[in-house]
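Structure file my_file_30.txt (compact mmCIF, C-alpha atoms) is printed below.
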```
# COMPACT_ATOMS: atom_id res chain seq x y z
CA MET A 28 20.00 201.94 99.37
CA LYS A 29 21.11 205.56 99.61
CA MET A 30 19.39 207.78 102.17
CA PRO A 31 20.33 211.40 101.37
CA HIS A 32 17.35 212.75 103.31
CA TRP A 33 16.18 211.41 106.66
CA PRO A 34 12.36 211.65 106.89
CA ILE A 35 12.28 212.34 110.65
CA PRO A 36 12.56 215.99 111.81
CA HIS A 37 16.15 216.77 112.79
CA GLY A 38 17.38 218.21 116.05
CA LYS A 39 18.89 221.68 116.05
CA LYS A 40 22.26 220.37 114.87
CA PRO A 41 23.29 217.43 112.63
CA ILE A 42 25.22 216.17 115.67
CA ASP A 43 23.44 216.89 118.94
CA LEU A 44 24.67 214.51 121.63
CA GLY A 45 22.37 213.46 124.45
CA LEU A 46 20.13 210.60 125.56
CA THR A 47 16.88 212.41 126.40
CA ARG A 48 15.45 212.42 122.86
CA ILE A 49 16.49 208.89 121.93
CA LYS A 50 15.08 207.41 125.16
CA LYS A 51 11.74 209.17 124.66
CA PHE A 52 11.71 208.09 121.03
CA LEU A 53 12.49 204.45 121.84
CA GLN A 54 9.77 204.44 124.49
CA ARG A 55 7.25 205.27 121.77
CA LEU A 56 8.63 202.35 119.76
CA GLY A 57 8.19 199.92 122.65
CA ASP A 58 11.75 200.11 123.99
CA PRO A 59 13.35 197.67 121.53
CA GLN A 60 16.71 198.13 123.29
CA GLN A 61 15.33 195.94 126.07
CA SER A 62 14.69 192.98 123.74
CA LEU A 63 18.08 192.52 122.11
CA PRO A 64 20.42 189.53 121.96
CA PRO A 65 23.57 189.82 124.13
CA VAL A 66 25.36 193.07 123.25
CA VAL A 67 29.06 193.80 122.84
CA HIS A 68 29.28 197.60 122.90
CA VAL A 69 32.40 199.12 121.31
CA ALA A 70 33.73 202.68 121.74
CA GLY A 71 37.08 204.32 120.91
CA THR A 72 38.63 206.71 118.43
CA ASN A 73 40.29 204.27 116.03
CA GLY A 74 39.77 200.59 115.33
CA LYS A 75 36.14 200.17 116.40
CA GLY A 76 34.91 198.91 113.05
CA SER A 77 37.89 196.65 112.42
CA THR A 78 37.63 195.09 115.87
CA ILE A 79 33.95 194.42 115.25
CA ALA A 80 34.74 192.98 111.81
CA PHE A 81 37.21 190.52 113.35
CA LEU A 82 34.68 189.50 116.01
CA LYS A 83 31.95 189.04 113.41
CA ALA A 84 34.14 186.72 111.33
CA ILE A 85 35.14 184.69 114.41
CA PHE A 86 31.59 184.29 115.73
CA GLU A 87 30.11 183.44 112.36
CA HIS A 88 32.70 180.73 111.79
CA ALA A 89 31.72 179.32 115.17
CA GLY A 90 28.15 179.01 113.88
CA TYR A 91 26.55 181.98 115.61
CA LYS A 92 24.15 184.45 114.05
CA VAL A 93 25.52 187.96 114.40
CA HIS A 94 23.78 191.35 114.27
CA ARG A 95 26.10 194.31 113.57
CA TYR A 96 25.65 198.08 113.70
CA THR A 97 28.43 200.33 112.39
CA SER A 98 28.82 203.82 110.94
CA PRO A 99 29.34 205.60 108.69
CA HIS A 100 28.44 203.69 105.54
CA LEU A 101 30.74 203.78 102.53
CA VAL A 102 28.36 203.64 99.57
CA ASN A 103 24.90 202.45 100.66
CA PHE A 104 23.16 203.09 103.96
CA ASN A 105 22.29 199.38 104.25
CA GLU A 106 25.93 198.67 105.16
CA ARG A 107 25.28 200.04 108.65
CA ILE A 108 22.75 197.38 109.65
CA TYR A 109 23.49 193.67 109.34
CA LEU A 110 20.79 191.25 110.44
CA ALA A 111 22.08 187.79 111.33
CA GLY A 112 24.99 188.35 108.96
CA ASN A 113 23.06 189.81 106.03
CA GLU A 114 22.86 193.43 104.96
CA ILE A 115 19.39 194.83 105.63
CA GLU A 116 17.14 194.83 102.57
CA ASP A 117 15.79 198.02 100.99
CA GLY A 118 12.13 197.16 101.53
CA TYR A 119 12.57 196.38 105.22
CA LEU A 120 14.68 199.50 105.72
CA THR A 121 11.97 201.65 104.13
CA GLN A 122 9.35 200.03 106.36
CA LEU A 123 11.38 200.76 109.49
CA ALA A 124 12.04 204.35 108.40
CA GLU A 125 8.33 205.02 107.94
CA GLU A 126 7.47 203.43 111.29
CA CYS A 127 10.07 205.57 113.01
CA ARG A 128 8.94 208.71 111.20
CA LEU A 129 5.39 208.26 112.41
CA SER A 130 6.47 207.42 115.97
CA ALA A 131 8.87 210.36 116.28
CA GLY A 132 6.12 212.92 115.98
CA ASN A 133 7.33 216.17 117.54
CA ILE A 134 10.58 214.73 118.94
CA PRO A 135 13.40 216.54 117.04
CA VAL A 136 15.68 213.53 116.70
CA THR A 137 18.94 213.76 114.78
CA PHE A 138 19.80 211.58 111.78
CA PHE A 139 21.94 209.24 113.88
CA GLU A 140 19.28 208.92 116.59
CA GLY A 141 16.69 208.05 113.96
CA THR A 142 18.83 205.49 112.23
CA THR A 143 19.92 203.97 115.54
CA ALA A 144 16.25 203.54 116.49
CA MET A 145 15.65 201.81 113.15
CA ALA A 146 18.56 199.48 113.78
CA LEU A 147 17.47 198.61 117.32
CA LEU A 148 13.94 197.83 116.07
CA ALA A 149 15.38 195.51 113.43
CA PHE A 150 17.71 193.80 115.91
CA ALA A 151 14.90 193.26 118.43
CA ARG A 152 12.58 191.73 115.82
CA ASN A 153 15.08 189.37 114.24
CA LYS A 154 16.76 186.53 116.10
CA ALA A 155 20.53 186.42 116.54
CA ASP A 156 22.99 185.14 119.10
CA ILE A 157 24.97 188.35 119.60
CA LEU A 158 24.86 192.05 118.64
CA LEU A 159 28.10 193.90 117.89
CA LEU A 160 27.23 197.56 118.46
CA GLU A 161 29.54 200.41 117.47
CA VAL A 162 29.32 203.82 119.13
CA GLY A 163 28.74 206.67 116.68
CA MET A 164 30.65 209.40 118.54
CA GLY A 165 32.01 209.51 122.06
CA GLY A 166 30.04 207.09 124.19
CA ARG A 167 28.51 208.68 127.27
CA LEU A 168 25.94 210.70 125.31
CA ASP A 169 25.89 208.61 122.13
CA ALA A 170 22.52 207.29 120.99
CA THR A 171 23.78 203.69 121.26
CA ASN A 172 24.37 204.17 124.99
CA VAL A 173 20.76 203.27 125.80
CA ILE A 174 21.97 199.69 126.33
CA GLU A 175 21.77 199.27 130.09
CA GLU A 176 23.18 195.75 130.49
CA PRO A 177 25.64 194.80 127.73
CA LEU A 178 27.40 191.49 127.95
CA LEU A 179 30.77 193.16 127.35
CA THR A 180 32.17 196.58 126.52
CA ILE A 181 35.33 197.29 124.52
CA ILE A 182 37.33 200.52 124.33
CA THR A 183 39.70 200.68 121.36
CA PRO A 184 42.58 203.20 121.21
CA VAL A 185 41.54 206.73 122.21
CA SER A 186 43.13 209.75 120.54
CA PHE A 187 42.24 213.28 119.40
CA ASP A 188 39.14 213.50 117.22
CA HIS A 189 35.79 215.36 117.31
CA MET A 190 37.32 217.68 119.89
CA GLU A 191 34.55 220.26 119.44
CA TYR A 192 32.15 217.70 120.93
CA LEU A 193 34.28 215.45 123.16
CA GLY A 194 36.87 217.72 124.77
CA SER A 195 40.31 219.17 124.18
CA THR A 196 42.42 216.64 126.10
CA ILE A 197 42.96 212.89 125.84
CA ALA A 198 41.60 212.51 129.37
CA GLN A 199 38.38 214.36 128.51
CA ILE A 200 37.86 212.37 125.33
CA ALA A 201 38.56 209.10 127.18
CA GLY A 202 35.99 210.12 129.78
CA GLU A 203 33.34 210.33 127.05
CA LYS A 204 34.38 206.97 125.59
CA ALA A 205 34.39 205.37 129.05
CA GLY A 206 30.75 206.38 129.41
CA ILE A 207 29.75 203.03 127.90
CA ILE A 208 31.20 201.15 130.89
CA LYS A 209 28.33 199.66 132.88
CA LYS A 210 28.05 198.48 136.46
CA ASN A 211 29.66 195.06 137.07
CA THR A 212 30.14 194.54 133.30
CA PRO A 213 33.61 193.49 132.10
CA CYS A 214 35.42 195.85 129.75
CA VAL A 215 38.27 195.01 127.35
CA VAL A 216 40.68 197.95 127.04
CA SER A 217 42.96 198.09 124.01
CA TRP A 218 46.27 199.99 123.73
CA GLN A 219 45.89 203.45 125.28
CA TYR A 220 47.83 206.58 126.07
CA GLN A 221 48.43 206.65 129.84
CA GLU A 222 46.08 209.62 130.34
CA ALA A 223 43.28 207.72 128.65
CA LEU A 224 43.96 204.54 130.61
CA ASN A 225 43.91 206.43 133.91
CA THR A 226 40.53 207.94 133.08
CA ILE A 227 39.09 204.59 131.98
CA LYS A 228 40.30 202.96 135.19
CA THR A 229 38.68 205.66 137.30
CA LYS A 230 35.36 205.18 135.53
CA ALA A 231 35.54 201.39 135.79
CA SER A 232 36.30 201.60 139.51
CA SER A 233 33.24 203.77 140.09
CA MET A 234 31.12 201.17 138.27
CA THR A 235 32.82 198.15 139.87
CA ALA A 236 33.43 196.98 136.29
CA PRO A 237 36.31 194.50 135.88
CA LEU A 238 38.88 195.57 133.29
CA TYR A 239 40.92 193.39 130.95
CA CYS A 240 43.64 195.86 129.95
CA HIS A 241 46.31 195.76 127.30
CA GLY A 242 49.77 196.04 128.86
CA GLU A 243 48.55 194.74 132.23
CA ASP A 244 46.25 191.76 131.78
CA TRP A 245 47.15 190.90 128.19
CA ASP A 246 49.64 191.90 125.54
CA PHE A 247 50.89 190.88 122.11
CA GLN A 248 54.15 190.64 120.20
CA VAL A 249 54.39 190.93 116.43
CA LYS A 250 56.09 188.03 114.68
CA GLN A 251 57.10 187.56 111.06
CA MET A 252 54.10 185.36 110.26
CA GLY A 253 51.62 186.80 112.73
CA PHE A 254 51.62 187.68 116.42
CA ASP A 255 51.73 186.11 119.85
CA PHE A 256 48.97 186.97 122.31
CA PHE A 257 49.76 186.32 125.94
CA ASP A 258 48.12 186.75 129.31
CA SER A 259 49.16 185.67 132.81
CA GLN A 260 48.46 182.03 132.03
CA GLU A 261 49.17 181.22 128.40
CA THR A 262 50.70 182.32 125.09
CA TYR A 263 48.73 181.91 121.86
CA ALA A 264 50.36 181.93 118.41
CA LEU A 265 47.99 183.72 116.04
CA PRO A 266 48.25 184.33 112.29
CA LYS A 267 48.71 187.61 110.49
CA PRO A 268 45.21 189.07 110.04
CA SER A 269 43.73 189.51 106.59
CA LEU A 270 43.37 193.27 107.16
CA MET A 271 46.64 195.00 106.31
CA GLY A 272 48.58 197.44 108.46
CA ALA A 273 50.42 197.30 111.77
CA HIS A 274 47.41 198.84 113.52
CA GLN A 275 45.31 195.82 112.54
CA ILE A 276 47.46 193.64 114.79
CA ILE A 277 46.25 195.82 117.68
CA ASN A 278 42.63 195.42 116.56
CA ALA A 279 42.99 191.67 116.03
CA ALA A 280 44.55 191.26 119.47
CA THR A 281 41.74 193.31 121.02
CA ALA A 282 39.16 191.11 119.32
CA PHE A 283 40.91 187.98 120.61
CA ALA A 284 41.02 189.46 124.12
CA ALA A 285 37.25 189.92 123.88
CA THR A 286 36.74 186.29 122.89
CA GLN A 287 38.71 185.26 125.97
CA LEU A 288 36.08 186.92 128.15
CA LEU A 289 33.16 185.60 126.11
CA THR A 290 34.06 181.90 126.25
CA LYS A 291 31.81 181.36 129.26
CA ASP A 292 28.81 182.41 127.13
CA PHE A 293 29.89 181.15 123.69
CA ASN A 294 31.75 178.12 122.35
CA ILE A 295 34.65 179.72 120.45
CA SER A 296 37.55 177.48 119.41
CA MET A 297 41.05 178.46 118.31
CA LYS A 298 40.07 177.16 114.87
CA ASP A 299 37.29 179.76 114.80
CA VAL A 300 39.68 182.51 115.89
CA ILE A 301 42.33 181.63 113.31
CA TYR A 302 39.80 181.39 110.49
CA GLY A 303 38.16 184.65 111.53
CA LEU A 304 41.40 186.62 111.69
CA GLN A 305 42.50 185.32 108.28
CA ASN A 306 39.15 185.90 106.57
CA THR A 307 37.93 189.24 107.86
CA PHE A 308 36.84 191.70 105.20
CA TRP A 309 36.40 195.38 106.07
CA PRO A 310 36.49 197.63 102.99
CA ALA A 311 38.28 201.01 102.79
CA ARG A 312 40.66 200.04 105.57
CA LEU A 313 43.96 199.82 103.68
CA HIS A 314 42.00 198.32 100.83
CA GLN A 315 43.58 197.85 97.41
CA VAL A 316 41.32 199.15 94.66
CA THR A 317 41.62 196.93 91.59
CA LYS A 318 38.32 197.69 89.82
CA GLY A 319 36.62 200.76 88.50
CA LYS A 320 37.51 203.95 86.64
CA LEU A 321 40.45 205.02 88.84
CA ALA A 322 42.14 201.63 88.83
CA GLY A 323 41.68 201.51 85.06
CA MET A 324 43.67 204.73 84.68
CA LEU A 325 46.84 203.17 86.09
CA PRO A 326 49.70 201.47 84.22
CA ALA A 327 50.33 197.82 85.03
CA ASN A 328 53.06 198.49 87.62
CA TRP A 329 50.99 200.97 89.68
CA GLU A 330 48.81 200.32 92.74
CA LEU A 331 45.81 202.20 94.14
CA TRP A 332 44.86 201.97 97.82
CA ILE A 333 42.24 203.60 100.02
CA ASP A 334 42.15 203.96 103.79
CA GLY A 335 39.65 205.81 105.98
CA ALA A 336 42.31 207.18 108.35
CA HIS A 337 41.35 210.76 109.22
CA ASN A 338 43.12 211.77 112.44
CA ALA A 339 46.72 212.06 113.59
CA HIS A 340 46.86 208.73 115.43
CA ALA A 341 45.41 206.87 112.44
CA ALA A 342 47.90 208.66 110.17
CA GLN A 343 50.76 207.40 112.32
CA MET A 344 49.48 203.84 111.95
CA LEU A 345 49.12 204.32 108.19
CA CYS A 346 52.67 205.65 107.98
CA ALA A 347 53.94 202.43 109.51
CA GLN A 348 52.60 200.65 106.44
CA VAL A 349 54.10 203.27 104.10
CA ASP A 350 57.47 202.52 105.72
CA LEU A 351 57.02 198.88 104.74
CA TRP A 352 56.23 199.93 101.17
CA ASN A 353 59.83 200.65 100.27
CA ASP A 354 59.93 199.18 96.76
CA LYS A 355 58.25 202.13 95.00
CA PRO A 356 57.26 205.73 95.82
CA THR A 357 53.95 206.65 97.45
CA TYR A 358 51.66 209.54 96.55
CA ILE A 359 48.74 210.73 98.68
CA ILE A 360 45.33 211.96 97.57
CA ASN A 361 43.74 213.65 100.57
CA GLY A 362 40.14 214.75 101.09
CA ARG A 363 38.57 215.24 104.49
CA THR A 364 35.69 216.53 106.57
CA SER A 365 36.03 220.16 107.61
CA ASN A 366 37.23 221.28 111.04
CA ARG A 367 39.77 218.45 111.28
CA ASP A 368 43.47 218.93 111.99
CA ILE A 369 44.96 218.98 108.49
CA LYS A 370 48.59 219.45 109.51
CA GLY A 371 48.29 216.97 112.37
CA PHE A 372 47.18 214.34 109.90
CA LEU A 373 49.79 215.08 107.24
CA MET A 374 52.77 215.59 109.53
CA PRO A 375 53.62 211.88 110.01
CA PHE A 376 54.04 211.58 106.22
CA VAL A 377 56.80 214.20 106.02
CA GLY A 378 59.79 212.68 104.22
CA LYS A 379 57.86 209.53 103.34
CA ILE A 380 55.79 210.48 100.30
CA GLU A 381 56.33 212.20 96.96
CA MET A 382 53.36 214.54 96.79
CA VAL A 383 49.97 215.44 98.29
CA CYS A 384 46.97 216.00 96.02
CA ALA A 385 44.13 217.82 97.76
CA VAL A 386 40.58 217.00 96.61
CA PRO A 387 37.00 217.79 97.65
CA ILE A 388 34.65 215.03 98.82
CA TYR A 389 31.42 215.25 96.86
CA SER A 390 29.58 212.72 99.04
CA GLU A 391 30.34 214.72 102.23
CA PRO A 392 28.29 217.93 102.67
CA LEU A 393 30.75 219.13 105.33
CA ALA A 394 33.85 218.47 103.23
CA GLU A 395 37.00 220.53 103.71
CA ASN A 396 37.88 223.04 101.00
CA PRO A 397 40.83 221.45 99.15
CA THR A 398 42.57 224.82 99.09
CA ASN A 399 42.97 224.55 102.86
CA ILE A 400 44.48 221.08 102.51
CA LEU A 401 46.84 222.38 99.84
CA ARG A 402 47.95 225.25 102.06
CA GLY A 403 48.54 222.97 105.04
CA ALA A 404 50.56 220.53 102.94
CA GLN A 405 52.71 223.29 101.46
CA GLU A 406 53.37 224.80 104.89
CA LEU A 407 54.72 221.41 105.98
CA GLY A 408 57.06 221.36 102.99
CA PHE A 409 55.22 218.86 100.78
CA LYS A 410 55.11 219.14 97.04
CA ALA A 411 51.38 219.57 96.62
CA CYS A 412 48.61 220.34 94.15
CA GLU A 413 44.87 220.95 94.25
CA CYS A 414 42.50 218.94 92.06
CA GLN A 415 38.75 219.05 91.64
CA SER A 416 38.15 215.31 91.41
CA LEU A 417 39.78 211.96 92.10
CA PRO A 418 40.39 211.21 88.40
CA GLU A 419 42.05 214.62 88.01
CA ALA A 420 44.26 213.86 91.02
CA VAL A 421 45.28 210.47 89.63
CA GLN A 422 46.14 212.11 86.31
CA ALA A 423 48.23 214.79 88.06
CA ILE A 424 50.20 212.10 89.89
CA LEU A 425 50.79 210.12 86.70
CA GLN A 426 52.16 213.25 85.04
CA ALA A 427 54.38 214.10 88.02
CA ASN A 428 55.88 210.63 88.46
CA HIS A 429 59.30 209.97 86.98
CA HIS A 430 60.00 206.55 88.49
CA PRO A 431 60.23 203.65 86.02
CA CYS A 432 59.21 201.16 88.74
CA GLY A 433 55.76 202.74 89.01
CA ALA A 434 54.24 203.95 92.25
CA ARG A 435 51.48 203.60 94.82
CA ILE A 436 48.64 206.06 95.23
CA LEU A 437 47.06 206.17 98.68
CA ILE A 438 43.66 207.85 98.98
CA CYS A 439 43.01 208.80 102.61
CA GLY A 440 41.47 211.34 104.95
CA SER A 441 37.84 210.21 105.12
CA LEU A 442 35.73 207.09 104.71
CA TYR A 443 33.38 209.20 102.59
CA LEU A 444 35.95 209.09 99.78
CA SER A 445 34.79 205.51 99.20
CA ALA A 446 31.49 206.82 97.85
CA ASP A 447 33.31 209.20 95.50
CA ILE A 448 35.31 206.25 94.18
CA ASN A 449 32.12 204.16 94.08
CA LEU A 450 34.17 201.46 95.74
CA GLU A 451 33.17 197.97 94.63
CA PHE A 452 33.12 195.28 97.34
```
The structure in this file should be written as structure tokens.
Amino acid sequence: MKMPHWPIPHGKKPIDLGLTRIKKFLQRLGDPQQSLPPVVHVAGTNGKGSTIAFLKAIFEHAGYKVHRYTSPHLVNFNERIYLAGNEIEDGYLTQLAEECRLSAGNIPVTFFEGTTAMALLAFARNKADILLLEVGMGGRLDATNVIEEPLLTIITPVSFDHMEYLGSTIAQIAGEKAGIIKKNTPCVVSWQYQEALNTIKTKASSMTAPLYCHGEDWDFQVKQMGFDFFDSQETYALPKPSLMGAHQIINAATAFAATQLLTKDFNISMKDVIYGLQNTFWPARLHQVTKGKLAGMLPANWELWIDGAHNAHAAQMLCAQVDLWNDKPTYIINGRTSNRDIKGFLMPFVGKIEMVCAVPIYSEPLAENPTNILRGAQELGFKACECQSLPEAVQAILQANHHPCGARILICGSLYLSADINLEF
């Protein structure tokens, strides 16, 4: 189900962080956030969705019913809300939207506040064993931060993103992310820059929240066939996760660290963990596109991939995979949301790719003008071109390629590109 227009009156801005409106709104709805299954609340800049996807696969294999809330959606809005493992149905979603519209009245809620209220209503009314809840932006003032007593919080790697809302330094951004930490509630902390870790520790200390930190309480080591996870007591040999990319080892290790703290509340075996890591599916995260119009344009020895990486840290992780792709050249098609650091994203790819094709994103109203992407790429020394659609960009790459072994095309810069592809999954 696509929801291009939210029926509830918007706040003054599409993104208007704060908890006053959402709390008042939820009160009118009967405070569904107080009737949820145990909540694992996840914040961070990169890896939130993948970490949740790993946890969902692990818990479901262990026989538990899992609710999940993530954003944004790729093609259909229903992707955001999973009820006991199933995508919410159109009819139920429409019913919730109308109920929320009527209850909102004169409260000028934003789109994300309205949809979060819908999700919380659905989660409260349908039984499950656990709710995996992803922060939309930041944490401290995010609409999901109405959860007062989560079972566990997780902070994935923090880096620069949404700086106009969250701050201009890593420490400031980490402070917003750390806002989900609750009094006496354990928090799993993934790999972090030192400035971020210091800020998270300060917040946790003020909340007397025990931390389980990467690099101090747990760590991992990449192996040829997977990775070792180790803490102060034991080493666990774990398989290579089904999601590709070096960064997914970080996310898989973070998910396993979370299960270590949840074993007192849930019966999770190593068999469940291994199955979950090897069978997690999370589309548009280094996802090979083999169906559809774009894939059909390619010769037999070409590959088409898409990844939602959109900031500098995510680009660095993506480049690690490009380094492993050394058997044929790589081309990038880049579209993105406006007001993002174009050069900061493209810089890690210098010397690693053949060409950048800049494109608009038709499913993103706030898309960057591709001319600006083109200019940024050229200033960094890339061979670059501007195209008006993804098919046009693929055709431009095919015409520019002179390698008999074929090539890889990597579409990246925004998850919203998935809708433009009409990604099938």
Check: A:Ala273, A:Val216, A:Leu120, A:Ala80: which is nearest Pro310 (chain A), counting all atoms listed in the file?
Finding: A:Ala80
Counting only C-alpha atoms, which residues in region 280-317 of chain A sit no more than 12 Å from region 93-102 of chain A? For each one, give the nearest pair of atoms and the distance in Å, sorted by chain then residue number, as CSV.
```
residue,atom,partner,partner_atom,distance
A:Trp309,CA,A:Leu101,CA,10.7
A:Pro310,CA,A:Leu101,CA,8.4
A:Ala311,CA,A:Leu101,CA,8.0
A:Arg312,CA,A:Leu101,CA,11.0
```
Next item on the list: Could you check which of A:Thr317, A:Ala155, A:Lys210, A:Lys355 is closest to His429 (chain A), using all atoms listed in the file?
Entry: A:Lys355
Checklist line | Best match for closeness to Lys318 (chain A) among A:Thr235, A:Asn449, A:Ser130, A:Thr364, counting only C-alpha atoms | finding: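 Looking only at the distances to Lys318 (chain A), the closest residue turns out to be A:Asn449.
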Next item on the list: Using all atoms listed in the file, determine which residues lie at most 8 Å from region 339-345 of chain A, disregarding the query and same-chain residues fewer than 6 positions distant; provide the list as an MDAnalysis selection string.
Entry: chainID A and resid 73 186:187 272:274 368 371:373 375:376
Could you write out that same residue set with C-alpha atoms as an mmCIF file, keeping the file's coordinate frame?
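Saved file result.cif follows:
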```cif
data_model
loop_
_atom_site.group_PDB
_atom_site.id
_atom_site.type_symbol
_atom_site.label_atom_id
_atom_site.label_comp_id
_atom_site.auth_asym_id
_atom_site.auth_seq_id
_atom_site.Cartn_x
_atom_site.Cartn_y
_atom_site.Cartn_z
ATOM 1 C CA ASN A 73 40.290 204.270 116.030
ATOM 2 C CA SER A 186 43.130 209.750 120.540
ATOM 3 C CA PHE A 187 42.240 213.280 119.400
ATOM 4 C CA GLY A 272 48.580 197.440 108.460
ATOM 5 C CA ALA A 273 50.420 197.300 111.770
ATOM 6 C CA HIS A 274 47.410 198.840 113.520
ATOM 7 C CA ASP A 368 43.470 218.930 111.990
ATOM 8 C CA GLY A 371 48.290 216.970 112.370
ATOM 9 C CA PHE A 372 47.180 214.340 109.900
ATOM 10 C CA LEU A 373 49.790 215.080 107.240
ATOM 11 C CA PRO A 375 53.620 211.880 110.010
ATOM 12 C CA PHE A 376 54.040 211.580 106.220
#
```
Check: Quick one: of A:Asn361, A:Thr142, A:Ser62, A:Thr307, who's nearest to Ile108 (chain A), counting only C-alpha atoms?
Finding: A:Thr142
Note to self: Just the number, please: distance in Å from CA of Leu224 (chain A) to CA of Ile42 (chain A), one decimal.
What the structure shows: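 Taking CA of Leu224 (chain A) and CA of Ile42 (chain A), their separation equals 26.6 Å.
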Checklist line | Separation of CA of Ile181 (chain A) from CA of Ile197 (chain A), in Å and rounded to one decimal | finding: 17.4 Å
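Closest approach to Gln405 (chain A) among A:Gly362, A:Gly163, A:Val136, A:Met374: A:Met374, based on all atoms listed in the file.
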Which protein, DNA or RNA residues have an atom at most 8 Å from (21.6, 198.3, 132.4), counting all atoms listed in the file? List them as an mmCIF file with C-alpha atoms, keeping the file's coordinate frame.
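Final file, point.cif:
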```cif
data_model
loop_
_atom_site.group_PDB
_atom_site.id
_atom_site.type_symbol
_atom_site.label_atom_id
_atom_site.label_comp_id
_atom_site.auth_asym_id
_atom_site.auth_seq_id
_atom_site.Cartn_x
_atom_site.Cartn_y
_atom_site.Cartn_z
ATOM 1 C CA ILE A 174 21.970 199.690 126.330
ATOM 2 C CA GLU A 175 21.770 199.270 130.090
ATOM 3 C CA GLU A 176 23.180 195.750 130.490
ATOM 4 C CA PRO A 177 25.640 194.800 127.730
ATOM 5 C CA LYS A 209 28.330 199.660 132.880
ATOM 6 C CA LYS A 210 28.050 198.480 136.460
#
```
Note to self: At a cut-off of 12 Å around the point (36.1, 199.4, 137.7) (file coordinates), what residues fall inside when counting only C-alpha atoms? I'd like the answer as a PyMOL selection string.
What the structure shows: chain A and resi 205+208-216+224-240
Notebook entry, point to check: At what distance in Å, to one decimal, does CA of Ser365 (chain A) lie from CA of Ser416 (chain A)?
Noted result: 17.0 Å
Check: Between A:Phe254, A:Trp329, A:Phe81, A:Phe247, which is the closest to Tyr302 (chain A) once you count only C-alpha atoms?
Finding: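 Of the candidates, the smallest distance to Tyr302 (chain A) is held by A:Phe81.
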Next item on the list: With a distance cut-off of 12 Å and only C-alpha atoms, select the neighbouring residues of Gln54 (chain A), excluding the residue or stretch itself and same-chain residues fewer than 5 positions from it, and output the selection as a list in words.
Entry: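 The residues that qualify are Thr47, Arg48, Ile49, Pro59, Gln60, Gln61, Cys127, Ser130, Ala131, Ile134, Ala144, Leu148 and Val173 of chain A.
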How would region 288-330 of chain A of the given structure read as a file with C-alpha atoms, as a PDB file, in the first residue's frame?
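The resulting part.pdb:
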```
ATOM      1  CA  LEU A 288      21.847 -10.025  27.109  1.00  0.00           C
ATOM      2  CA  LEU A 289      18.390 -11.341  26.246  1.00  0.00           C
ATOM      3  CA  THR A 290      18.982 -14.991  27.149  1.00  0.00           C
ATOM      4  CA  LYS A 291      17.572 -14.460  30.634  1.00  0.00           C
ATOM      5  CA  ASP A 292      14.216 -13.515  29.069  1.00  0.00           C
ATOM      6  CA  PHE A 293      14.232 -15.699  25.935  1.00  0.00           C
ATOM      7  CA  ASN A 294      15.404 -19.191  25.055  1.00  0.00           C
ATOM      8  CA  ILE A 295      17.814 -18.537  22.166  1.00  0.00           C
ATOM      9  CA  SER A 296      20.141 -21.366  21.109  1.00  0.00           C
ATOM     10  CA  MET A 297      23.290 -21.213  18.993  1.00  0.00           C
ATOM     11  CA  LYS A 298      21.326 -23.123  16.355  1.00  0.00           C
ATOM     12  CA  ASP A 299      18.851 -20.232  16.253  1.00  0.00           C
ATOM     13  CA  VAL A 300      21.667 -17.690  15.976  1.00  0.00           C
ATOM     14  CA  ILE A 301      23.452 -19.536  13.179  1.00  0.00           C
ATOM     15  CA  TYR A 302      20.251 -20.054  11.197  1.00  0.00           C
ATOM     16  CA  GLY A 303      19.226 -16.436  11.692  1.00  0.00           C
ATOM     17  CA  LEU A 304      22.546 -14.991  10.550  1.00  0.00           C
ATOM     18  CA  GLN A 305      22.585 -17.204   7.453  1.00  0.00           C
ATOM     19  CA  ASN A 306      18.960 -16.554   6.489  1.00  0.00           C
ATOM     20  CA  THR A 307      18.418 -12.862   7.091  1.00  0.00           C
ATOM     21  CA  PHE A 308      16.863 -10.959   4.202  1.00  0.00           C
ATOM     22  CA  TRP A 309      16.982  -7.155   4.139  1.00  0.00           C
ATOM     23  CA  PRO A 310      16.437  -5.737   0.640  1.00  0.00           C
ATOM     24  CA  ALA A 311      18.383  -2.808  -0.864  1.00  0.00           C
ATOM     25  CA  ARG A 312      21.331  -3.436   1.429  1.00  0.00           C
ATOM     26  CA  LEU A 313      23.982  -4.590  -1.059  1.00  0.00           C
ATOM     27  CA  HIS A 314      21.209  -6.408  -2.858  1.00  0.00           C
ATOM     28  CA  GLN A 315      21.779  -7.903  -6.296  1.00  0.00           C
ATOM     29  CA  VAL A 316      18.990  -6.969  -8.683  1.00  0.00           C
ATOM     30  CA  THR A 317      18.276  -9.864 -11.031  1.00  0.00           C
ATOM     31  CA  LYS A 318      14.695  -9.067 -12.115  1.00  0.00           C
ATOM     32  CA  GLY A 319      12.970  -6.170 -13.766  1.00  0.00           C
ATOM     33  CA  LYS A 320      13.600  -3.676 -16.558  1.00  0.00           C
ATOM     34  CA  LEU A 321      17.092  -2.568 -15.484  1.00  0.00           C
ATOM     35  CA  ALA A 322      18.434  -6.082 -14.993  1.00  0.00           C
ATOM     36  CA  GLY A 323      16.974  -7.019 -18.365  1.00  0.00           C
ATOM     37  CA  MET A 324      19.055  -4.317 -20.055  1.00  0.00           C
ATOM     38  CA  LEU A 325      22.341  -5.947 -19.071  1.00  0.00           C
ATOM     39  CA  PRO A 326      24.452  -8.446 -21.037  1.00  0.00           C
ATOM     40  CA  ALA A 327      24.970 -11.857 -19.456  1.00  0.00           C
ATOM     41  CA  ASN A 328      28.332 -11.013 -17.859  1.00  0.00           C
ATOM     42  CA  TRP A 329      27.105  -7.836 -16.103  1.00  0.00           C
ATOM     43  CA  GLU A 330      25.768  -7.414 -12.557  1.00  0.00           C
TER      44      GLU A 330
END
```
